[in-house]
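Asker: Okay, so here is structure-v8.txt, and as you'll see once you scroll down, it has compact mmCIF, C-alpha atoms.
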```txt
# COMPACT_ATOMS: atom_id res chain seq x y z
CA MET A 1 93.43 100.02 106.88
CA SER A 2 92.99 99.67 110.62
CA LEU A 3 95.62 98.15 112.84
CA ALA A 4 94.97 94.81 114.49
CA LYS A 5 94.09 94.93 118.19
CA GLY A 6 96.45 92.08 119.06
CA LYS A 7 97.55 88.57 118.20
CA VAL A 8 95.72 85.67 119.83
CA LEU A 9 96.14 81.89 119.82
CA ILE A 10 92.97 79.85 120.32
CA GLY A 11 93.93 76.32 121.32
CA LYS A 12 92.19 73.01 121.89
CA PRO A 13 94.42 70.89 124.12
CA GLY A 14 93.66 67.25 124.90
CA LEU A 15 91.33 64.70 123.36
CA ASP A 16 88.13 66.78 123.38
CA GLY A 17 87.06 67.20 119.76
CA HIS A 18 84.28 69.75 120.25
CA ASP A 19 85.58 72.91 118.64
CA ARG A 20 82.48 74.78 117.52
CA GLY A 21 82.86 77.11 120.48
CA ALA A 22 86.58 77.67 119.88
CA LYS A 23 85.98 78.46 116.21
CA PHE A 24 83.08 80.77 117.11
CA ILE A 25 85.37 82.71 119.46
CA ALA A 26 88.04 82.79 116.73
CA ARG A 27 85.55 84.24 114.24
CA CYS A 28 84.29 86.86 116.70
CA LEU A 29 87.85 87.91 117.58
CA ARG A 30 88.67 88.16 113.87
CA ASP A 31 85.63 90.38 113.29
CA ASP A 32 86.68 92.52 116.25
CA GLY A 33 90.07 93.17 114.61
CA PHE A 34 92.33 90.55 116.17
CA GLU A 35 94.86 88.40 114.34
CA VAL A 36 93.84 84.89 115.33
CA LEU A 37 95.68 81.57 115.14
CA TYR A 38 93.63 78.45 115.66
CA THR A 39 95.54 75.27 116.50
CA GLY A 40 92.88 72.71 115.57
CA ILE A 41 91.73 69.93 117.89
CA ARG A 42 93.68 67.34 119.91
CA ARG A 43 96.83 69.33 120.52
CA THR A 44 99.29 68.59 123.27
CA PRO A 45 100.17 71.35 125.76
CA GLU A 46 103.73 71.24 124.36
CA GLU A 47 102.48 71.95 120.82
CA ILE A 48 100.42 74.88 122.06
CA VAL A 49 103.33 76.31 124.05
CA SER A 50 105.83 76.07 121.19
CA THR A 51 103.32 77.62 118.78
CA ALA A 52 102.57 80.51 121.17
CA VAL A 53 106.27 81.23 121.67
CA GLN A 54 107.25 81.08 117.98
CA GLU A 55 104.29 83.25 117.07
CA ASP A 56 104.84 85.57 120.05
CA VAL A 57 101.12 86.02 120.63
CA ASP A 58 99.70 88.46 123.19
CA ILE A 59 97.08 86.06 124.54
CA VAL A 60 96.55 82.30 124.59
CA GLY A 61 92.90 81.23 124.93
CA LEU A 62 92.25 77.53 125.63
CA SER A 63 89.00 75.65 125.27
CA VAL A 64 88.28 72.32 126.96
CA LEU A 65 84.81 70.80 127.36
CA SER A 66 85.81 67.30 128.47
CA GLY A 67 86.56 67.96 132.13
CA ALA A 68 90.35 67.65 131.72
CA HIS A 69 90.86 71.41 132.06
CA MET A 70 92.83 71.33 135.32
CA SER A 71 95.74 69.23 134.09
CA LEU A 72 95.77 70.63 130.52
CA PHE A 73 95.44 74.33 131.45
CA THR A 74 98.08 73.95 134.14
CA ALA A 75 100.47 72.20 131.74
CA VAL A 76 100.22 75.09 129.23
CA ALA A 77 100.79 77.70 131.97
CA ASP A 78 103.83 75.75 133.26
CA GLY A 79 105.18 75.30 129.73
CA LEU A 80 104.99 79.01 128.93
CA ARG A 81 106.69 79.86 132.21
CA ALA A 82 109.48 77.36 131.45
CA CYS A 83 110.10 79.17 128.14
CA GLY A 84 110.35 82.54 129.88
CA ALA A 85 107.03 83.57 128.33
CA ASN A 86 105.28 84.61 131.55
CA ASP A 87 104.09 87.73 129.80
CA ILE A 88 101.87 85.86 127.33
CA LEU A 89 98.49 86.24 129.01
CA LEU A 90 96.23 83.24 129.53
CA VAL A 91 92.45 82.81 129.43
CA GLY A 92 90.35 79.66 129.37
CA GLY A 93 86.86 78.50 128.55
CA GLY A 94 84.75 75.40 128.95
CA ILE A 95 82.53 73.56 131.38
CA ILE A 96 84.52 74.60 134.41
CA PRO A 97 83.22 74.48 138.03
CA ASP A 98 83.68 77.62 140.14
CA GLU A 99 86.27 76.08 142.45
CA ASP A 100 88.38 74.97 139.47
CA ALA A 101 88.08 78.45 137.96
CA ALA A 102 89.42 79.89 141.23
CA SER A 103 92.40 77.50 141.21
CA LEU A 104 93.13 78.29 137.56
CA LYS A 105 93.07 82.01 138.29
CA ALA A 106 95.55 81.39 141.10
CA ALA A 107 97.68 79.50 138.55
CA GLY A 108 97.82 82.57 136.30
CA TYR A 109 94.64 82.44 134.19
CA ARG A 110 93.32 85.96 133.84
CA ALA A 111 89.75 84.94 132.98
CA ILE A 112 87.69 81.76 132.79
CA PHE A 113 84.59 81.81 130.55
CA THR A 114 81.80 79.32 131.17
CA PRO A 115 78.75 78.51 129.00
CA GLY A 116 76.34 81.43 128.65
CA THR A 117 78.95 84.19 128.94
CA PRO A 118 77.88 87.02 126.57
CA MET A 119 80.29 87.49 123.66
CA GLU A 120 80.68 91.19 124.48
CA VAL A 121 82.06 90.25 127.92
CA ILE A 122 84.55 87.86 126.30
CA LEU A 123 85.61 90.42 123.69
CA ASN A 124 86.04 93.13 126.32
CA ASN A 125 88.34 90.84 128.28
CA PHE A 126 90.43 90.11 125.20
CA ARG A 127 90.60 93.83 124.29
CA GLU A 128 91.78 94.83 127.76
CA LEU A 129 94.31 92.01 128.02
CA ALA A 130 95.69 92.71 124.54
CA SER A 131 96.26 96.37 125.26
CA GLU A 132 97.81 95.50 128.64
CA SER A 133 100.16 93.02 126.95
CA ARG A 134 101.06 95.41 124.12
CA ARG A 135 101.71 98.28 126.53
CA ALA A 136 103.93 96.07 128.72
CA ARG A 137 105.96 95.11 125.68
CA GLY A 138 106.26 98.60 124.28
CA LEU A 139 104.18 97.77 121.20
CA ALA A 140 101.19 100.04 121.82
CA MET B 1 119.52 99.35 121.58
CA ARG B 2 121.27 97.10 124.09
CA ASP B 3 117.98 95.21 124.53
CA LEU B 4 117.81 94.63 120.79
CA GLU B 5 121.39 93.35 120.68
CA ALA B 6 120.61 90.96 123.55
CA LEU B 7 117.55 89.69 121.67
CA ILE B 8 119.60 89.17 118.51
CA ASP B 9 122.31 87.29 120.42
CA GLY B 10 119.64 85.16 122.07
CA ALA B 11 117.96 84.39 118.75
CA LYS B 12 121.29 83.50 117.12
CA GLY B 13 122.00 81.19 120.06
CA GLY B 14 118.76 79.29 119.44
CA ASN B 15 116.45 81.05 121.94
CA VAL B 16 113.05 80.77 120.24
CA ARG B 17 111.45 83.28 122.61
CA ALA B 18 114.01 85.89 121.56
CA ALA B 19 113.50 85.09 117.87
CA GLY B 20 109.72 85.36 118.24
CA ARG B 21 110.06 88.74 119.93
CA LEU B 22 112.39 90.06 117.23
CA MET B 23 109.89 89.09 114.55
CA THR B 24 107.15 90.94 116.42
CA LEU B 25 109.31 94.07 116.52
CA VAL B 26 110.01 93.77 112.78
CA GLU B 27 106.28 93.42 112.13
CA ALA B 28 105.45 96.43 114.31
CA GLY B 29 107.58 98.67 112.06
CA GLY B 30 108.62 102.17 113.10
CA THR B 31 111.96 103.21 114.54
CA THR B 32 112.68 99.92 116.33
CA ALA B 33 112.22 97.96 113.11
CA GLU B 34 114.48 100.50 111.41
CA LYS B 35 117.21 99.96 114.02
CA LEU B 36 116.92 96.20 113.57
CA VAL B 37 117.65 96.51 109.85
CA GLY B 38 121.10 97.79 110.73
CA LEU B 39 121.71 95.21 113.45
CA LEU B 40 120.65 92.05 111.60
CA PRO B 41 122.97 90.54 108.99
CA GLU B 42 121.83 91.02 105.40
CA ARG B 43 120.30 87.77 104.20
CA THR B 44 122.84 87.35 101.39
CA ALA B 45 125.52 87.17 104.12
CA THR B 46 123.87 84.05 105.60
CA GLN B 47 123.43 80.48 104.39
CA ALA B 48 119.70 80.92 103.92
CA LYS B 49 117.92 80.01 100.69
CA VAL B 50 114.36 81.23 100.35
CA VAL B 51 111.74 79.12 98.59
CA GLY B 52 108.57 81.07 97.79
CA VAL B 53 105.32 79.17 97.37
CA THR B 54 102.42 80.97 95.72
CA GLY B 55 99.17 79.99 94.00
CA LEU B 56 95.41 80.21 94.20
CA PRO B 57 93.54 79.82 97.50
CA GLY B 58 92.92 76.14 98.11
CA ALA B 59 95.43 74.91 95.50
CA GLY B 60 97.39 73.18 98.26
CA LYS B 61 100.25 75.57 99.09
CA SER B 62 100.23 74.74 102.80
CA GLN B 63 100.10 70.99 102.17
CA ILE B 64 103.02 71.25 99.72
CA ILE B 65 104.96 73.22 102.32
CA ASP B 66 104.15 70.58 104.96
CA GLN B 67 105.85 67.98 102.75
CA LEU B 68 108.77 70.31 101.97
CA ILE B 69 109.33 70.96 105.71
CA GLU B 70 109.47 67.20 106.29
CA PHE B 71 112.00 66.80 103.48
CA TYR B 72 114.23 69.78 104.32
CA LYS B 73 114.39 68.77 108.00
CA SER B 74 116.66 65.94 106.89
CA ARG B 75 118.91 68.25 104.91
CA ALA B 76 119.06 71.57 106.78
CA SER B 77 120.02 72.05 110.42
CA ARG B 78 117.10 74.42 110.73
CA VAL B 79 114.05 75.14 108.55
CA GLY B 80 112.15 78.42 108.74
CA VAL B 81 108.63 79.05 107.50
CA VAL B 82 106.79 82.34 107.01
CA ALA B 83 103.09 82.17 106.16
CA VAL B 84 101.05 85.20 105.19
CA ASP B 85 97.25 85.32 105.44
CA PRO B 86 94.99 88.29 104.61
CA SER B 87 94.08 91.11 107.01
CA SER B 88 90.61 92.58 106.76
CA PRO B 89 90.77 96.01 105.11
CA ILE B 90 87.78 97.01 107.28
CA HIS B 91 88.65 95.96 110.83
CA GLY B 92 92.23 94.67 110.57
CA GLY B 93 91.36 91.21 111.85
CA ALA B 94 92.80 88.03 110.34
CA ILE B 95 92.65 84.27 110.63
CA LEU B 96 96.17 82.91 110.43
CA GLY B 97 95.17 79.49 109.17
CA ASP B 98 98.20 78.04 107.37
CA ARG B 99 99.97 76.76 110.41
CA ILE B 100 97.21 74.27 111.27
CA ARG B 101 98.54 72.12 108.39
CA TRP B 102 101.97 71.98 109.97
CA MET B 103 101.16 70.97 113.53
CA ARG B 104 103.11 67.72 113.15
CA HIS B 105 106.24 69.89 113.14
CA ALA B 106 105.21 71.94 116.19
CA ASN B 107 107.51 70.14 118.61
CA SER B 108 110.47 69.97 116.25
CA ASP B 109 113.41 72.06 117.50
CA SER B 110 114.70 72.34 113.95
CA VAL B 111 111.57 74.02 112.56
CA MET B 112 110.60 77.62 113.27
CA ILE B 113 107.28 78.85 111.92
CA ARG B 114 105.84 82.35 111.88
CA SER B 115 102.38 83.35 110.68
CA ILE B 116 101.83 86.97 109.76
CA ALA B 117 98.84 88.96 108.59
CA SER B 118 99.18 90.94 105.35
CA ARG B 119 98.41 94.27 107.12
CA GLY B 120 97.77 96.18 103.93
CA GLY B 121 100.42 94.41 101.82
CA LEU B 122 99.08 94.39 98.29
CA GLY B 123 101.42 92.14 96.36
CA GLY B 124 100.80 88.80 98.05
CA LEU B 125 102.99 89.37 101.11
CA ALA B 126 103.13 91.65 104.15
CA ILE B 127 105.55 94.58 104.26
CA ALA B 128 107.41 92.84 107.10
CA VAL B 129 108.08 89.53 105.32
CA ASP B 130 111.59 90.42 104.21
CA GLY B 131 112.52 91.46 107.74
CA VAL B 132 110.99 88.31 109.26
CA VAL B 133 112.98 86.23 106.74
CA ASN B 134 116.13 88.07 107.85
CA VAL B 135 115.46 87.16 111.48
CA LEU B 136 114.99 83.48 110.56
CA ALA B 137 118.17 83.58 108.48
CA ALA B 138 120.08 85.09 111.41
CA CYS B 139 118.75 82.23 113.58
CA GLY B 140 120.51 79.76 111.31
CA CYS B 141 117.61 78.64 109.14
CA GLU B 142 119.24 77.28 105.99
CA ILE B 143 115.99 76.87 104.11
CA ILE B 144 113.16 79.37 104.54
CA LEU B 145 109.79 78.57 103.00
CA VAL B 146 107.53 81.57 102.38
CA GLU B 147 103.83 81.07 101.66
CA THR B 148 102.02 83.98 100.02
CA LEU B 149 98.38 84.92 100.26
CA GLY B 150 96.21 83.02 97.81
CA MET B 151 97.27 84.60 94.51
CA GLY B 152 96.28 84.18 90.89
CA GLN B 153 97.15 86.73 88.25
CA VAL B 154 98.75 89.63 90.10
CA GLY B 155 100.92 90.04 93.18
CA CYS B 156 104.55 89.30 92.38
CA ASP B 157 106.15 90.36 95.70
CA ILE B 158 107.32 86.81 96.21
CA ALA B 159 109.64 87.10 93.21
CA GLY B 160 111.62 89.72 95.12
CA VAL B 161 111.93 87.66 98.30
CA GLY B 162 112.26 84.10 96.99
CA ASP B 163 115.46 82.65 95.53
CA VAL B 164 113.06 80.34 93.74
CA VAL B 165 109.30 80.75 93.21
CA VAL B 166 106.96 77.77 93.08
CA ASN B 167 103.42 78.31 91.78
CA VAL B 168 100.81 75.73 92.82
CA THR B 169 97.59 75.11 90.94
CA ALA B 170 94.98 72.35 90.94
CA PRO B 171 92.62 70.75 88.40
CA GLY B 172 89.64 72.76 87.25
CA LEU B 173 90.94 76.24 88.10
CA GLY B 174 91.42 77.46 84.54
CA ASP B 175 91.71 76.48 80.89
CA GLU B 176 94.50 77.12 78.37
CA ILE B 177 93.60 80.79 78.02
CA GLN B 178 94.02 81.35 81.77
CA MET B 179 97.47 79.71 81.62
CA MET B 180 98.48 82.01 78.74
CA LYS B 181 97.93 85.21 80.72
CA SER B 182 100.79 87.42 81.87
CA GLY B 183 101.37 88.54 85.43
CA LEU B 184 102.26 86.24 88.29
CA MET B 185 103.19 83.45 85.86
CA ASP B 186 106.14 85.54 84.61
CA ALA B 187 107.70 85.48 88.08
CA VAL B 188 107.50 81.70 88.45
CA ASP B 189 110.42 79.26 88.33
CA VAL B 190 108.66 75.95 88.98
CA MET B 191 105.02 75.13 88.25
CA VAL B 192 103.17 72.51 90.30
CA LEU B 193 99.92 70.78 89.38
CA ASN B 194 98.68 69.50 92.75
CA LYS B 195 95.72 67.26 93.59
CA VAL B 196 96.38 64.98 90.60
CA ASP B 197 93.87 62.56 92.09
CA LEU B 198 90.98 64.93 91.33
CA PRO B 199 88.68 64.70 88.28
CA GLY B 200 89.60 67.00 85.41
CA TYR B 201 93.29 66.45 86.02
CA GLU B 202 94.13 65.34 82.45
CA GLU B 203 92.64 68.43 80.82
CA THR B 204 94.37 70.83 83.20
CA LEU B 205 97.64 68.95 82.71
CA ALA B 206 97.39 69.16 78.93
CA SER B 207 96.87 72.93 78.82
CA LEU B 208 99.46 73.55 81.54
CA ARG B 209 102.07 71.33 79.87
CA TYR B 210 101.78 73.21 76.58
CA GLU B 211 102.20 76.60 78.31
CA MET B 212 105.15 75.43 80.43
CA GLU B 213 106.94 74.03 77.38
CA HIS B 214 106.53 77.38 75.70
CA ARG B 215 107.91 79.17 78.75
CA HIS B 216 110.70 76.58 79.26
CA LEU B 217 109.53 76.06 82.83
CA PRO B 218 109.50 72.75 84.73
CA LEU B 219 106.10 71.28 85.57
CA VAL B 220 105.76 68.88 88.50
CA GLU B 221 102.66 66.78 89.24
CA THR B 222 101.99 66.24 92.93
CA CYS B 223 99.49 64.91 95.38
CA ALA B 224 100.64 66.78 98.47
CA VAL B 225 98.48 64.80 100.89
CA SER B 226 100.14 61.50 99.93
CA GLY B 227 103.57 62.98 99.19
CA LEU B 228 103.49 61.94 95.52
CA GLY B 229 105.86 64.05 93.39
CA ILE B 230 107.53 65.89 96.29
CA GLY B 231 110.94 64.30 95.50
CA GLU B 232 110.75 65.64 91.96
CA LEU B 233 109.64 69.06 93.20
CA VAL B 234 112.70 69.25 95.46
CA GLU B 235 114.94 68.33 92.50
CA GLN B 236 113.45 71.11 90.40
CA ILE B 237 113.83 73.62 93.25
CA ASP B 238 117.46 72.54 93.62
CA GLY B 239 117.90 72.98 89.89
CA VAL B 240 116.95 76.65 90.14
CA LEU B 241 118.90 77.27 93.36
CA ASN B 242 122.08 75.64 92.02
CA THR B 243 122.18 77.15 88.55
CA SER B 244 120.71 80.55 89.42
CA ALA B 245 118.40 79.93 86.46
CA LYS B 246 115.92 82.22 88.11
CA ALA B 247 113.31 84.19 86.26
CA CYS B 248 115.16 87.36 87.25
CA GLY B 249 118.64 87.88 88.74
CA TRP B 250 119.48 89.34 92.17
CA ALA B 251 120.55 92.78 90.88
CA GLU B 252 117.25 93.17 89.06
CA ARG B 253 115.31 91.91 92.06
CA LYS B 254 117.18 94.16 94.44
CA ALA B 255 116.40 97.31 92.43
CA TRP B 256 112.76 96.30 92.27
CA LEU B 257 112.68 95.45 95.97
CA VAL B 258 114.08 98.85 96.87
CA VAL B 259 111.31 100.57 94.91
CA GLU B 260 108.60 98.35 96.39
CA ARG B 261 109.88 98.70 99.95
CA THR B 262 110.19 102.46 99.64
CA LEU B 263 106.63 102.71 98.34
CA ALA B 264 105.39 100.45 101.15
CA LEU B 265 107.08 102.65 103.76
CA LEU B 266 105.71 105.77 102.08
CA ARG B 267 102.18 104.40 102.31
CA GLY B 268 102.34 104.58 106.10
CA HIS B 269 103.69 108.14 106.09
CA LEU B 270 101.16 109.24 103.50
CA ALA B 271 98.26 107.71 105.39
CA GLU B 272 99.29 109.81 108.40
CA ARG B 273 99.66 112.96 106.33
CA VAL B 274 96.32 112.56 104.55
CA LYS B 275 94.58 112.66 107.92
CA SER B 276 95.37 116.37 108.11
CA VAL B 277 94.36 117.14 104.50
CA ARG B 278 90.99 118.80 103.95
CA LEU B 279 88.98 116.46 101.75
CA ASP B 280 87.29 119.36 99.92
CA ARG B 281 88.07 118.43 96.31
CA SER B 282 87.76 115.29 94.18
CA VAL B 283 89.92 112.25 94.95
CA ASP B 284 91.93 112.73 91.74
CA GLU B 285 92.55 116.44 92.39
CA LEU B 286 93.71 115.79 95.93
CA ALA B 287 95.94 112.89 94.87
CA HIS B 288 97.58 114.78 92.01
CA ASP B 289 98.17 117.79 94.25
CA LEU B 290 99.64 115.70 97.05
CA ALA B 291 101.89 113.73 94.68
CA ARG B 292 103.11 116.93 92.98
CA ARG B 293 103.96 118.56 96.32
CA LEU B 294 105.76 115.45 97.60
CA VAL B 295 107.84 115.03 94.45
CA GLY B 296 108.57 118.76 94.45
CA ARG B 297 109.91 118.50 97.98
CA VAL B 298 112.11 115.53 97.05
CA GLU B 299 113.56 117.24 93.99
CA HIS B 300 114.51 120.50 95.67
```
Using C-alpha cells, write down the structure that the file contains.
Answerer:
Amino acid sequence: MSLAKGKVLIGKPGLDGHDRGAKFIARCLRDDGFEVLYTGIRRTPEEIVSTAVQEDVDIVGLSVLSGAHMSLFTAVADGLRACGANDILLVGGGIIPDEDAASLKAAGYRAIFTPGTPMEVILNNFRELASESRRARGLA
Amino acid sequence: MRDLEALIDGAKGGNVRAAGRLMTLVEAGGTTAEKLVGLLPERTATQAKVVGVTGLPGAGKSQIIDQLIEFYKSRASRVGVVAVDPSSPIHGGAILGDRIRWMRHANSDSVMIRSIASRGGLGGLAIAVDGVVNVLAACGCEIILVETLGMGQVGCDIAGVGDVVVNVTAPGLGDEIQMMKSGLMDAVDVMVLNKVDLPGYEETLASLRYEMEHRHLPLVETCAVSGLGIGELVEQIDGVLNTSAKACGWAERKAWLVVERTLALLRGHLAERVKSVRLDRSVDELAHDLARRLVGRVEH
C-alpha cells in the first residue's frame, strides 16, 4: 500500500460547464497517487473555499474556460486568505492570456496552465507543491 | 503539544480551519495522532450520535445522506459527515466523490463534511474514521453521518463506529438467496430499499421483506432523489437510537473495536518490519515465523 502524495481539490467555479479538462486532470492526479476531490460544475467561490477548508487540502486547482477567471480565481484566493488558509496552495487552468496569468501569479497563484501544457509538466507542479505544503505543515 | 491544544480549543470554538487541521493530523497517524487521542474527549462523553450508512456501490448512500443532512440540520445545532472512498492499493490515489452530492450544504455553517480515503482500511472504513468522528464530536456535532465504501457481504467496521447502521440497497442487485447470506447483514439495524421508482422494485421488495421479517429488522422504502420515505427512515433510526435496540451493545462493540484498532495499528508496524526481512522462503513460512516471533515477544 503506497501513501498518497497529497490531497487536492479540483474546482469549477462560475457558470462554465465544460469540465472534461478538470475531470481529466482529476483522473491523472488519481493515477499519480493523489487523493482528489472534484467539486462538480457551477460552484461559487464560497462553496469552493468552505470545501477546501473543511477538507484541509494541500492544493486547490481551479479550471475556468469561459473568460471569467480573473474575478473567480481572485475571489477564491481572497476567501481562503479570509479563513486563515493562506497555506493552501493555488493553481489554475483555462484559456488564460499571459497578462492575466501574470496578475494571477501576483495574487498568489503558483502556476497557471493553458491549453497544450503537457500532463507531465502539470503533474510535476502538483508533486512539488504537495511536498512543499506537506513539509510546511509537518506532515511529510 | 501546546499547538495541538490551541487547535482543539479553536475547533471546539467553531473554527473550521482548526477542525480541518485536526482531522488531517488524525488521518496522518503516528505520534501526533496518538497524542490527540489523549487530548480529545472520548465520543461517549459528548452529545454525538453516529449514524452509519453502508451498502453496495451505486445503491444511493450519498443521496440518502444528502436527505438526512437536510433533515438533521433542523434538529441538531451541528451535523457532521464523514465519507470514505477507496484508495488504490497500487499507487495510493483516490477520487473522493461522495461530497459532490452534498454541495447544496457547502455554505451551511451547521454542516461539517470530511472526505477520507480508505488508505488500506479493509473493513469498509479507513483506520482514521473513529478519530475523525471524535474531532467532529468535540466540535459539537450532535449527529454524525458516516458513509462507508461501497460494501456488500463483508466489511463490518461500521458496526463498531455507528450507534445505528443503515444498509442501503436498490432493485435488481440480488435475489432472495443473496438476502439470506450472513456477513454485513448481521451488523445492520435498518434496511433501506432505495430507488423504488426503478423497474424490478416489486421483486426485490418481496424477497427483502421476507428476510427482514425473519430478522426482525425494519425495512424502509425510499426514493432518495425525491425525498420519498426519508421521514420514515429518520423514525426508524430514532427507534434504534432511543431504545438501544442495536444489533450489538456498546461493551461488545468496544471489545471488538479494540481488537480491530490494535490490528490496524500493527499492520503499519509490521509493514515497516517486513521491509528488513529477507524474502528467502515461502510466504506462508515467513508469515508463520514472523507471527510466532511476535507473539513470543508479547508473551514473555
Asker: Compile the contact shell of range 131-135 of chain A as a ChimeraX atom specification: residues with an atom at most 10 Å away, counting all atoms listed in the file, same-chain residues fewer than 2 positions apart removed.
Answerer: /A:5-7,57-59,87-89,126-129,137-140
Asker: Which of these, B:Ala187, B:Ala19, B:Ile230, B:Ala264, has the shortest distance to Cys139 in chain B once you count all atoms listed in the file?
Answerer: B:Ala19
Asker: Which residues of chain B come within 9 Å of chain A, and for each one, what is the closest pair of atoms and their distance in Å to one decimal, counting only C-alpha atoms, sorted by chain and residue number, as CSV?
Answerer:
```
residue,atom,partner,partner_atom,distance
B:Val16,CA,A:Gln54,CA,6.2
B:Arg17,CA,A:Val53,CA,5.6
B:Ala19,CA,A:Gln54,CA,7.4
B:Gly20,CA,A:Gln54,CA,4.9
B:Arg21,CA,A:Asp56,CA,6.1
B:Met23,CA,A:Asp56,CA,8.3
B:Thr24,CA,A:Asp56,CA,6.9
B:Leu25,CA,A:Leu139,CA,7.9
B:Ala28,CA,A:Leu139,CA,7.1
B:Ser87,CA,A:Glu35,CA,7.9
B:Ser88,CA,A:Gly33,CA,7.9
B:Pro89,CA,A:Met1,CA,5.1
B:Ile90,CA,A:Met1,CA,6.4
B:His91,CA,A:Gly33,CA,4.9
B:Gly92,CA,A:Ala4,CA,4.8
B:Gly93,CA,A:Gly33,CA,3.6
B:Ala94,CA,A:Glu35,CA,4.5
B:Ile95,CA,A:Val36,CA,4.9
B:Leu96,CA,A:Leu37,CA,4.9
B:Gly97,CA,A:Leu37,CA,6.3
B:Asp98,CA,A:Leu37,CA,8.9
B:Arg99,CA,A:Thr39,CA,7.7
B:Ile100,CA,A:Thr39,CA,5.6
B:Met103,CA,A:Glu47,CA,7.5
B:Arg104,CA,A:Glu47,CA,8.8
B:His105,CA,A:Glu47,CA,8.8
B:Ala106,CA,A:Glu47,CA,5.4
B:Asn107,CA,A:Glu47,CA,5.8
B:Met112,CA,A:Gln54,CA,6.7
B:Ile113,CA,A:Gln54,CA,6.5
B:Arg114,CA,A:Glu55,CA,5.5
B:Ser115,CA,A:Glu55,CA,6.7
B:Ile116,CA,A:Glu35,CA,8.5
B:Ala117,CA,A:Glu35,CA,7.0
B:Arg119,CA,A:Leu3,CA,7.5
B:Gly120,CA,A:Met1,CA,6.5
```
Asker: Give me, please, the distance in Å between CA of Leu228 in chain B and CA of Ser77 in chain B, quoted to one decimal.
Answerer: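 Interatomic distance, CA of Leu228 in chain B to CA of Ser77 in chain B: 24.4 Å.
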Asker: Which neighbours of Tyr109 in chain A fall inside 12 Å, counting only C-alpha atoms, when residues of the same chain fewer than 6 positions from it are skipped, and could you give them as a PDB file with C-alpha atoms, in the coordinates of the input?
Answerer:
```pdb
ATOM      1  CA  ILE A  59      97.080  86.060 124.540  1.00  0.00           C
ATOM      2  CA  VAL A  60      96.550  82.300 124.590  1.00  0.00           C
ATOM      3  CA  GLY A  61      92.900  81.230 124.930  1.00  0.00           C
ATOM      4  CA  LEU A  62      92.250  77.530 125.630  1.00  0.00           C
ATOM      5  CA  HIS A  69      90.860  71.410 132.060  1.00  0.00           C
ATOM      6  CA  MET A  70      92.830  71.330 135.320  1.00  0.00           C
ATOM      7  CA  PHE A  73      95.440  74.330 131.450  1.00  0.00           C
ATOM      8  CA  THR A  74      98.080  73.950 134.140  1.00  0.00           C
ATOM      9  CA  VAL A  76     100.220  75.090 129.230  1.00  0.00           C
ATOM     10  CA  ALA A  77     100.790  77.700 131.970  1.00  0.00           C
ATOM     11  CA  ASP A  78     103.830  75.750 133.260  1.00  0.00           C
ATOM     12  CA  ASN A  86     105.280  84.610 131.550  1.00  0.00           C
ATOM     13  CA  ASP A  87     104.090  87.730 129.800  1.00  0.00           C
ATOM     14  CA  ILE A  88     101.870  85.860 127.330  1.00  0.00           C
ATOM     15  CA  LEU A  89      98.490  86.240 129.010  1.00  0.00           C
ATOM     16  CA  LEU A  90      96.230  83.240 129.530  1.00  0.00           C
ATOM     17  CA  VAL A  91      92.450  82.810 129.430  1.00  0.00           C
ATOM     18  CA  GLY A  92      90.350  79.660 129.370  1.00  0.00           C
ATOM     19  CA  GLY A  93      86.860  78.500 128.550  1.00  0.00           C
ATOM     20  CA  ASP A 100      88.380  74.970 139.470  1.00  0.00           C
ATOM     21  CA  ALA A 101      88.080  78.450 137.960  1.00  0.00           C
ATOM     22  CA  ALA A 102      89.420  79.890 141.230  1.00  0.00           C
ATOM     23  CA  SER A 103      92.400  77.500 141.210  1.00  0.00           C
ATOM     24  CA  LEU A 129      94.310  92.010 128.020  1.00  0.00           C
TER      25      LEU A 129
END
```
Asker: To one decimal in Å, tell me the separation between CA of Tyr72 in chain B and CA of Ile143 in chain B.
Answerer: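 These atoms are spaced 7.3 Å apart.
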Asker: Counting only C-alpha atoms, I want the residues whose atoms come within 8 Å of (84.5, 70.0, 127.5) in the file frame, returned as a list in words.
Answerer: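 Every residue inside that radius is included here: Asp16, His18, Ser63, Val64, Leu65, Ser66, Gly67, Ala68, His69, Gly94 and Ile95 of chain A.
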Asker: So that I can see what lies close to Ala22 in chain A, please list as an NGL selection string the residues with an atom at most 8 Å from it, counting all atoms listed in the file and leaving out residues fewer than 6 positions away in the same chain.
Answerer: :A and (10-12 or 63)
Asker: Using all atoms listed in the file, determine which residues lie at most 7 Å from Pro45 in chain A, disregarding the query and same-chain residues fewer than 6 positions distant; provide the list as a list of chain:residue names.
Answerer: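 After dropping sequence-adjacent residues, the list is A:Pro13, A:Leu72, A:Ala75, A:Val76.
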Asker: How many Å lie between CA of Ala11 in chain B and CA of Ala138 in chain B, rounded to one decimal?
Answerer: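 One can read the CA of Ala11 in chain B to CA of Ala138 in chain B distance as 7.7 Å.
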Asker: Might you pull out every residue within 12 Å of Gly229 in chain B, with only C-alpha atoms counted and same-chain residues fewer than 3 positions away left off, and present them as a CSV table (one decimal) with C-alpha atoms, in the frame of the given file?
Answerer:
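Writing done, so here's around-v6.csv:
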```csv
chain,number,residue,atom,x,y,z
B,64,ILE,CA,103.0,71.2,99.7
B,67,GLN,CA,105.8,68.0,102.8
B,68,LEU,CA,108.8,70.3,102.0
B,192,VAL,CA,103.2,72.5,90.3
B,193,LEU,CA,99.9,70.8,89.4
B,194,ASN,CA,98.7,69.5,92.8
B,195,LYS,CA,95.7,67.3,93.6
B,196,VAL,CA,96.4,65.0,90.6
B,219,LEU,CA,106.1,71.3,85.6
B,220,VAL,CA,105.8,68.9,88.5
B,221,GLU,CA,102.7,66.8,89.2
B,222,THR,CA,102.0,66.2,92.9
B,223,CYS,CA,99.5,64.9,95.4
B,224,ALA,CA,100.6,66.8,98.5
B,225,VAL,CA,98.5,64.8,100.9
B,226,SER,CA,100.1,61.5,99.9
B,232,GLU,CA,110.8,65.6,92.0
B,233,LEU,CA,109.6,69.1,93.2
B,234,VAL,CA,112.7,69.2,95.5
B,235,GLU,CA,114.9,68.3,92.5
B,236,GLN,CA,113.4,71.1,90.4
```
Asker: Which residue out of B:Arg273, B:Lys61, B:His214, B:Lys181 has the minimum interatomic distance to Val146 in chain B when all atoms listed in the file are used?
Answerer: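 For Val146 in chain B, the nearest of the candidates is B:Lys61.
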